[in-house]
$ cat structure_5.cif   # mmCIF, C-alpha atoms and all ligand atoms; chains and numbers go by the auth columns
data_target
#
loop_
_atom_site.group_PDB
_atom_site.id
_atom_site.type_symbol
_atom_site.label_atom_id
_atom_site.label_comp_id
_atom_site.label_asym_id
_atom_site.label_seq_id
_atom_site.Cartn_x
_atom_site.Cartn_y
_atom_site.Cartn_z
_atom_site.B_iso_or_equiv
_atom_site.auth_seq_id
_atom_site.auth_asym_id
ATOM 1 C CA MET A 1 -3.629 -18.198 -18.543 0.00 1 J
ATOM 2 C CA GLU A 2 -7.349 -18.194 -19.204 0.00 2 J
ATOM 3 C CA PHE A 3 -10.578 -18.531 -17.294 0.00 3 J
ATOM 4 C CA LYS A 4 -11.669 -22.110 -16.943 0.00 4 J
ATOM 5 C CA ARG A 5 -14.598 -23.805 -15.352 0.00 5 J
ATOM 6 C CA CYS A 6 -13.639 -26.175 -12.574 0.00 6 J
ATOM 7 C CA ASN A 7 -14.386 -29.810 -13.429 0.00 7 J
ATOM 8 C CA ARG A 8 -15.342 -30.485 -9.849 0.00 8 J
ATOM 9 C CA CYS A 9 -17.294 -27.534 -8.418 0.00 9 J
ATOM 10 C CA GLY A 10 -18.128 -25.560 -11.598 0.00 10 J
ATOM 11 C CA ASN A 11 -16.569 -22.312 -10.361 0.00 11 J
ATOM 12 C CA PHE A 12 -14.550 -20.195 -12.772 0.00 12 J
ATOM 13 C CA PHE A 13 -10.876 -19.832 -11.990 0.00 13 J
ATOM 14 C CA VAL A 14 -7.566 -18.944 -13.591 0.00 14 J
ATOM 15 C CA SER A 15 -5.077 -21.766 -13.760 0.00 15 J
ATOM 16 C CA ASP A 16 -3.457 -24.278 -16.066 0.00 16 J
ATOM 17 C CA ASN A 17 -5.244 -27.086 -14.228 0.00 17 J
ATOM 18 C CA ASP A 18 -8.695 -28.517 -14.930 0.00 18 J
ATOM 19 C CA ILE A 19 -9.850 -27.872 -11.396 0.00 19 J
ATOM 20 C CA CYS A 20 -9.612 -24.905 -9.029 0.00 20 J
ATOM 21 C CA TYR A 21 -7.176 -24.686 -6.151 0.00 21 J
ATOM 22 C CA GLU A 22 -9.720 -25.600 -3.456 0.00 22 J
ATOM 23 C CA CYS A 23 -10.816 -28.668 -5.376 0.00 23 J
ATOM 24 C CA GLU A 24 -7.213 -29.674 -5.937 0.00 24 J
ATOM 25 C CA ILE A 25 -6.896 -30.081 -2.173 0.00 25 J
ATOM 26 C CA LYS A 26 -10.154 -32.058 -2.013 0.00 26 J
ATOM 27 C CA ASP A 27 -9.072 -34.176 -4.990 0.00 27 J
ATOM 28 C CA ARG A 28 -5.800 -35.094 -3.295 0.00 28 J
ATOM 29 C CA ALA A 29 -7.635 -36.229 -0.168 0.00 29 J
ATOM 30 C CA ASP A 30 -10.137 -38.239 -2.248 0.00 30 J
ATOM 31 C CA ILE A 31 -7.398 -39.867 -4.330 0.00 31 J
ATOM 32 C CA ALA A 32 -5.494 -40.877 -1.185 0.00 32 J
ATOM 33 C CA LYS A 33 -8.690 -42.350 0.267 0.00 33 J
ATOM 34 C CA LEU A 34 -9.498 -44.270 -2.931 0.00 34 J
ATOM 35 C CA ASN A 35 -5.972 -45.630 -3.269 0.00 35 J
ATOM 36 C CA THR A 36 -6.132 -46.857 0.323 0.00 36 J
ATOM 37 C CA ILE A 37 -9.450 -48.617 -0.342 0.00 37 J
ATOM 38 C CA LEU A 38 -8.162 -50.115 -3.610 0.00 38 J
ATOM 39 C CA GLY A 39 -4.914 -51.168 -1.938 0.00 39 J
ATOM 40 C CA ASN A 40 -6.750 -52.919 0.910 0.00 40 J
ATOM 41 C CA SER A 41 -9.223 -54.722 -1.297 0.00 41 J
ATOM 42 C CA SER A 42 -8.383 -58.187 -2.574 0.00 42 J
ATOM 43 C CA GLU A 43 -11.366 -58.337 -4.893 0.00 43 J
ATOM 44 C CA SER A 44 -12.089 -56.016 -7.802 0.00 44 J
ATOM 45 C CA LEU A 45 -14.482 -53.191 -6.981 0.00 45 J
ATOM 46 C CA SER A 46 -16.885 -51.449 -9.301 0.00 46 J
ATOM 47 C CA ILE A 47 -17.101 -47.665 -9.396 0.00 47 J
ATOM 48 C CA ASN A 48 -20.390 -47.919 -7.490 0.00 48 J
ATOM 49 C CA ASP A 49 -18.730 -50.068 -4.789 0.00 49 J
ATOM 50 C CA LEU A 50 -15.905 -47.548 -4.532 0.00 50 J
ATOM 51 C CA SER A 51 -18.342 -44.671 -4.320 0.00 51 J
ATOM 52 C CA ALA A 52 -20.404 -46.389 -1.606 0.00 52 J
ATOM 53 C CA THR A 53 -17.300 -47.270 0.432 0.00 53 J
ATOM 54 C CA SER A 54 -15.574 -43.916 0.100 0.00 54 J
ATOM 55 C CA GLY A 55 -18.569 -41.577 -0.046 0.00 55 J
ATOM 56 C CA ILE A 56 -16.975 -39.994 -3.122 0.00 56 J
ATOM 57 C CA ASN A 57 -19.163 -39.026 -6.079 0.00 57 J
ATOM 58 C CA PRO A 58 -18.905 -41.530 -8.997 0.00 58 J
ATOM 59 C CA SER A 59 -18.300 -38.677 -11.464 0.00 59 J
ATOM 60 C CA ASN A 60 -15.230 -37.676 -9.447 0.00 60 J
ATOM 61 C CA ILE A 61 -14.040 -41.292 -9.396 0.00 61 J
ATOM 62 C CA ASN A 62 -14.455 -41.455 -13.189 0.00 62 J
ATOM 63 C CA ARG A 63 -12.438 -38.263 -13.541 0.00 63 J
ATOM 64 C CA PHE A 64 -9.626 -39.695 -11.388 0.00 64 J
ATOM 65 C CA ILE A 65 -9.565 -42.831 -13.534 0.00 65 J
ATOM 66 C CA GLU A 66 -9.519 -40.829 -16.782 0.00 66 J
ATOM 67 C CA ASN A 67 -6.613 -38.774 -15.493 0.00 67 J
ATOM 68 C CA ASN A 68 -4.817 -41.893 -14.234 0.00 68 J
ATOM 69 C CA PHE A 69 -4.801 -40.598 -10.669 0.00 69 J
ATOM 70 C CA ILE A 70 -5.980 -43.984 -9.472 0.00 70 J
ATOM 71 C CA SER A 71 -5.333 -47.340 -11.049 0.00 71 J
ATOM 72 C CA PHE A 72 -8.537 -49.251 -11.376 0.00 72 J
HETATM 73 ZN ZN ZN B . -13.428 -26.311 -7.917 0.00 1 V
#
$ encode --input "structure_5.cif" --output "structure tokens"
Amino acid sequence: MEFKRCNRCGNFFVSDNDICYECEIKDRADIAKLNTILGNSSESLSINDLSATSGINPSNINRFIENNFISF
């Protein structure tokens, strides 16, 4: 275990994850929201479209895509 800087809020924390516990909860809610939007959309959305529809920061959306939390 080592101190890490949270990828989402920038706070230091001790964990094996890339984000702190509080952000993990927020991430899960955001991922569920994004998957719902993606699942309901018949056309392909850009990251900016997704961000505008969901209110979620594009950098967070990019992180979810990089970690394969959402399929885009
Ligand atoms: Zn955090």
$ residues_near_ligand --input "structure_5.cif" --ligand "ligand ZN 1 (chain V)" --cutoff "10 Å" --atoms "all atoms listed in the file" --output "PyMOL selection string"
chain J and resi 5-13+18-27
$ residues_near_point --input "structure_5.cif" --point "(-10.1, -45.9, -0.7)" --cutoff "12 Å" --atoms "all atoms listed in the file" --output "list in words"
Arg28, Ala29, Asp30, Ile31, Ala32, Lys33, Leu34, Asn35, Thr36, Ile37, Leu38, Gly39, Asn40, Ser41, Leu45, Ile47, Asp49, Leu50, Ser51, Ala52, Thr53, Ser54, Gly55, Ile56, Ile61, Ile70, Ser71 and Phe72 of chain J
$ atom_distance --input "structure_5.cif" --atom1 "atom CA of Asn62 of chain J" --atom2 "atom CA of Ser46 of chain J"
11.0 Å
$ atom_distance --input "structure_5.cif" --atom1 "atom CA of Ser44 of chain J" --atom2 "atom CA of Pro58 of chain J"
16.1 Å
$ atom_distance --input "structure_5.cif" --atom1 "atom CA of Ser42 of chain J" --atom2 "atom CA of Phe69 of chain J"
19.7 Å
$ decode --input "structure_5.cif" --residues "segment 20-55 of chain J" --atoms "N, CA and C atoms" --output "tab-separated table (two decimals), in the first residue's frame"
chain	number	residue	atom	x	y	z
J	20	CYS	N	-9.85	7.58	-5.07
J	20	CYS	CA	-10.16	7.40	-3.66
J	20	CYS	C	-11.56	6.80	-3.49
J	21	TYR	N	-11.85	6.41	-2.26
J	21	TYR	CA	-13.10	5.71	-1.99
J	21	TYR	C	-14.32	6.56	-2.35
J	22	GLU	N	-14.29	7.84	-1.98
J	22	GLU	CA	-15.44	8.72	-2.27
J	22	GLU	C	-15.68	8.84	-3.77
J	23	CYS	N	-14.58	8.94	-4.52
J	23	CYS	CA	-14.72	9.07	-5.97
J	23	CYS	C	-15.15	7.76	-6.61
J	24	GLU	N	-14.82	6.66	-5.97
J	24	GLU	CA	-15.25	5.37	-6.49
J	24	GLU	C	-16.77	5.31	-6.53
J	25	ILE	N	-17.40	5.85	-5.48
J	25	ILE	CA	-18.86	5.88	-5.43
J	25	ILE	C	-19.42	6.80	-6.52
J	26	LYS	N	-18.77	7.98	-6.68
J	26	LYS	CA	-19.21	8.91	-7.73
J	26	LYS	C	-19.00	8.30	-9.11
J	27	ASP	N	-17.84	7.63	-9.29
J	27	ASP	CA	-17.55	7.00	-10.57
J	27	ASP	C	-18.63	5.98	-10.93
J	28	ARG	N	-19.01	5.17	-9.97
J	28	ARG	CA	-20.02	4.13	-10.24
J	28	ARG	C	-21.32	4.75	-10.71
J	29	ALA	N	-21.72	5.85	-10.06
J	29	ALA	CA	-22.96	6.53	-10.45
J	29	ALA	C	-22.83	7.11	-11.85
J	30	ASP	N	-21.67	7.71	-12.15
J	30	ASP	CA	-21.43	8.31	-13.47
J	30	ASP	C	-21.42	7.24	-14.55
J	31	ILE	N	-20.77	6.12	-14.28
J	31	ILE	CA	-20.68	5.03	-15.26
J	31	ILE	C	-22.07	4.48	-15.56
J	32	ALA	N	-22.88	4.32	-14.51
J	32	ALA	CA	-24.25	3.82	-14.71
J	32	ALA	C	-25.04	4.79	-15.58
J	33	LYS	N	-24.88	6.08	-15.31
J	33	LYS	CA	-25.57	7.12	-16.07
J	33	LYS	C	-25.15	7.09	-17.54
J	34	LEU	N	-23.83	7.01	-17.76
J	34	LEU	CA	-23.30	7.01	-19.13
J	34	LEU	C	-23.75	5.77	-19.89
J	35	ASN	N	-23.73	4.62	-19.23
J	35	ASN	CA	-24.16	3.40	-19.91
J	35	ASN	C	-25.63	3.46	-20.28
J	36	THR	N	-26.44	4.10	-19.43
J	36	THR	CA	-27.85	4.27	-19.74
J	36	THR	C	-28.01	5.15	-20.97
J	37	ILE	N	-27.28	6.27	-21.01
J	37	ILE	CA	-27.35	7.18	-22.15
J	37	ILE	C	-26.89	6.47	-23.42
J	38	LEU	N	-25.76	5.76	-23.33
J	38	LEU	CA	-25.22	5.06	-24.50
J	38	LEU	C	-26.18	3.96	-24.95
J	39	GLY	N	-26.80	3.28	-23.98
J	39	GLY	CA	-27.72	2.20	-24.31
J	39	GLY	C	-28.99	2.69	-24.98
J	40	ASN	N	-29.41	3.93	-24.64
J	40	ASN	CA	-30.65	4.48	-25.18
J	40	ASN	C	-30.45	5.21	-26.49
J	41	SER	N	-29.20	5.43	-26.86
J	41	SER	CA	-28.93	6.22	-28.05
J	41	SER	C	-28.73	5.31	-29.26
J	42	SER	N	-29.43	5.62	-30.34
J	42	SER	CA	-29.29	4.81	-31.55
J	42	SER	C	-28.16	5.33	-32.42
J	43	GLU	N	-27.83	6.60	-32.24
J	43	GLU	CA	-26.73	7.16	-33.04
J	43	GLU	C	-25.46	7.23	-32.19
J	44	SER	N	-24.32	7.33	-32.85
J	44	SER	CA	-23.07	7.40	-32.10
J	44	SER	C	-22.86	8.80	-31.54
J	45	LEU	N	-22.46	8.87	-30.30
J	45	LEU	CA	-22.27	10.15	-29.61
J	45	LEU	C	-20.78	10.45	-29.47
J	46	SER	N	-20.45	11.71	-29.55
J	46	SER	CA	-19.07	12.10	-29.27
J	46	SER	C	-18.92	12.28	-27.76
J	47	ILE	N	-17.69	12.40	-27.31
J	47	ILE	CA	-17.45	12.61	-25.88
J	47	ILE	C	-18.10	13.93	-25.44
J	48	ASN	N	-18.06	14.94	-26.30
J	48	ASN	CA	-18.69	16.22	-25.96
J	48	ASN	C	-20.21	16.08	-25.84
J	49	ASP	N	-20.82	15.29	-26.75
J	49	ASP	CA	-22.27	15.04	-26.66
J	49	ASP	C	-22.59	14.36	-25.34
J	50	LEU	N	-21.79	13.34	-25.03
J	50	LEU	CA	-22.01	12.58	-23.79
J	50	LEU	C	-21.88	13.47	-22.58
J	51	SER	N	-20.87	14.33	-22.60
J	51	SER	CA	-20.63	15.24	-21.49
J	51	SER	C	-21.80	16.20	-21.32
J	52	ALA	N	-22.28	16.75	-22.46
J	52	ALA	CA	-23.39	17.71	-22.41
J	52	ALA	C	-24.66	17.04	-21.90
J	53	THR	N	-24.91	15.80	-22.35
J	53	THR	CA	-26.13	15.09	-21.95
J	53	THR	C	-26.09	14.66	-20.49
J	54	SER	N	-24.91	14.20	-20.06
J	54	SER	CA	-24.82	13.63	-18.71
J	54	SER	C	-24.40	14.64	-17.66
J	55	GLY	N	-23.77	15.74	-18.09
J	55	GLY	CA	-23.23	16.70	-17.13
J	55	GLY	C	-21.93	16.22	-16.51
